[in-house]
Every structure is written in structure tokens, then in C-alpha cells.
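Only one structure is covered here, and it is reproduced in the block below.
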Amino acid sequence: LESDGERLRYQRLQGAGPDTGWVSVRLKDGKDLLVKSDKRPSRATAPQPSAVHEQALAAPAEIAHGDITGSSGSGTWRLLSEDSPGRGQQLRLLFRFTGTPFEDERLQEPKIGHLKSNGDGDASRLAFGLPVVEHDSCRVSTVAGAMQYVGDCLGLGGSDVISRSRALMHVVGSEAMRNEVFNSAYEKMLERKRRMATYTSGPYLKWMGHFERYLRTSAATAEAEGRAKGPFLLGAKLCYADLALYDAFTSIWDLGCYGRDEAERAQKFPYVCALVQAVATQPNMKGYGRPHADFYVAQLGELPSAPSPA
């Protein structure tokens, strides 16, 4: 398509891989990586995308309009997660959103310990730890790795290298927010054996500000460049990272000690709230409910109506 010094911008005509991108034409030592050729690829011998990859390429146009009809990747899916609040729920949401059947294996100690690499060695199923997604013979662990793999397979990944990187970046960010904001408040509630209506808000406001600024500036850039803007992380198209953020935000809000006033929350963080609302109103979310809120009630009781000391 175009060149810029030692870089070449390409467009994929057939086979598997990104649709467009930039590549280097030679190494630093001068060795050529790409050379001009008059040959044309043969459709009979060119590598073809797998069935799963074809679904991943075809699904985004349907998903952007909220019209998924169960475009699941082939094979058997299994989710291993810790049986505690928030663990693996973003992956359950991703499977449910795409209408993909999966086995949901929720683990507790001592079984988790037996599966770790220092327990089962090379036979361990946990690799870097829970959650783990198993797809036939493939095994991917950590929230970020598993969400990216499942999202790409099921058609909710990014369409180019930049959007794929940004989607993964936000899943990592959502988990860092959960660890700093959710975990500290939830552990305090477990210690007191009751719900709390208030808690230290500094980390919460910090992380909400991070995501609000990203969404706001991304929308402004898209508008200036004449591209479709919001409400999702990648613009008008929902991706797996939007589901990860939806799960992280709702798990935090449903605790009841952060952003309890919905009107005030929407006024302070309009772009974040618009993303959460856009996900919640997708046809594929019908009947999903609020699993985090239900768990908190069952474990810690109802939220007190009046603020309690932090």
C-alpha cells in the first residue's frame, strides 16, 4: 500500500493473519526480509484460515449490531476458576455473550494446590495460575491471556494490531483495578462479616479517572478524524475487553461502598457509565442479571441503608 523508509504497509489478500499492518523490509544487518516478486500466490497452496479464525473474522460485523446467533469456536471449551467472587466471571460472561457452551469447573483448596506446577510438575493444568481456559488441547491461563484467546476465537477481538493491543491493555488494567479497589474492600467486609456502605475512595476514584479519560479522549480523536466513536473501547464495535470492564465495574459497584449514588456516578464518569449501559442493553445480555450482587447478598447479607464507618 505504501512505504516509509525501511517499513512497508501491507494488506492481506488471502490466508491467515492481520488484515493490514506495517512490517520491516530488512534486518539491521542489511539482510532482506521482504523482496519484490512478480509471482502471485496460488489459491490452491496458500494457507487458509481455520474454521475458528474464519468465524473470528466474520463475527465482528454481526456483533457490532448486537446480533449474535451463537458463533462459537469449534471444539470443547472448559473453564477452571477459583470458587470465589469475581474469579473467572468475566470469562463466563464472554462465553455466555457469544452463546458458546463450556464446562465450568470451580475449584477450591486443596484441589487447587494439587494442580499447581510445584505439585503436579509438567502435568499441571494451571500454568501461571487460575483462571485457565482449555480448548481441546490448547490451554491458556491468566485473565488477560484467556480473555484474549477466547475473544479472538469467538469473534470479539480487535481487527488490527493496534486494536488488539488496546483490548488486551484494558483487560490488564481492569484486573489491576479489581485487585486494588475490589479486593481491599471485600477482604475488609469478610473480616467484619458484614457489608459496608462506605470505604476509602482514593484508589476507586483514581482508576475510574483513568478509564474515563481514555474513553473521553478516544471519542474526541475519533470525532476529529471522522471515525465512528464510542461507546465502547474500540469505538462503535464491542470487543471482549468491554465485557471485562463491564464485569470489573459492576463487581465493584455491587459491593455497595463505591459509587453507590448512580446519578452522581453518571455525572462524574459519563463515558464509563455509557460503556457499562451499552453492554448491559445488548440483546445477548438478556437474563444475565447481577451475579456479583447475588453472591454478596448470599455471603454477607443486604447492604445497610445508612452509611457505616469505613
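Labels for the C-alpha cells follow display order: chains A, B, ..., residues from 1 in each chain, ligands from 1.
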Contacts of segment 270-275 of chain A at 6 Å or less, counting only C-alpha atoms, minus same-chain residues fewer than 4 places along, as a ChimeraX atom specification?
/A:212,231-232,266
How would the residues just picked look written out with C-alpha atoms as a CSV table (one decimal), in the first residue's frame?
chain,number,residue,atom,x,y,z
A,212,GLU,CA,-12.9,7.9,31.9
A,231,PRO,CA,-19.5,4.0,23.4
A,232,PHE,CA,-17.0,1.0,23.5
A,266,ALA,CA,-23.1,9.1,35.9
Apply DSSP to the structure's backbone, then extract all residues of segment 119-244 of chain A labelled helix (DSSP H, G or I) and return them as a PyMOL selection string.
chain A and resi 119-123+143-153+161-192+202-224+240-244
With distances taken over only C-alpha atoms, which residue among A:Pro131, A:Pro304, A:Gly99, A:Gly256 lies nearest Tyr199 of chain A?
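Distance minimum relative to Tyr199 of chain A lands on A:Gly256.
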Could you tell me how far atom CA of Leu130 of chain A sits from atom CA of Trp253 of chain A, in Å to one decimal place?
23.7 Å
Between atom CA of Gly259 of chain A and atom CA of Leu245 of chain A, distance in Å (one decimal)
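Pair atom CA of Gly259 of chain A / atom CA of Leu245 of chain A returns 15.5 Å.
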Please determine, counting only C-alpha atoms, which residue among A:Asp152, A:Glu223, A:Asp254, A:Glu262 has the shortest atom-to-atom distance to Ala293 of chain A.
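Selected residue with least distance to Ala293 of chain A: A:Asp254.
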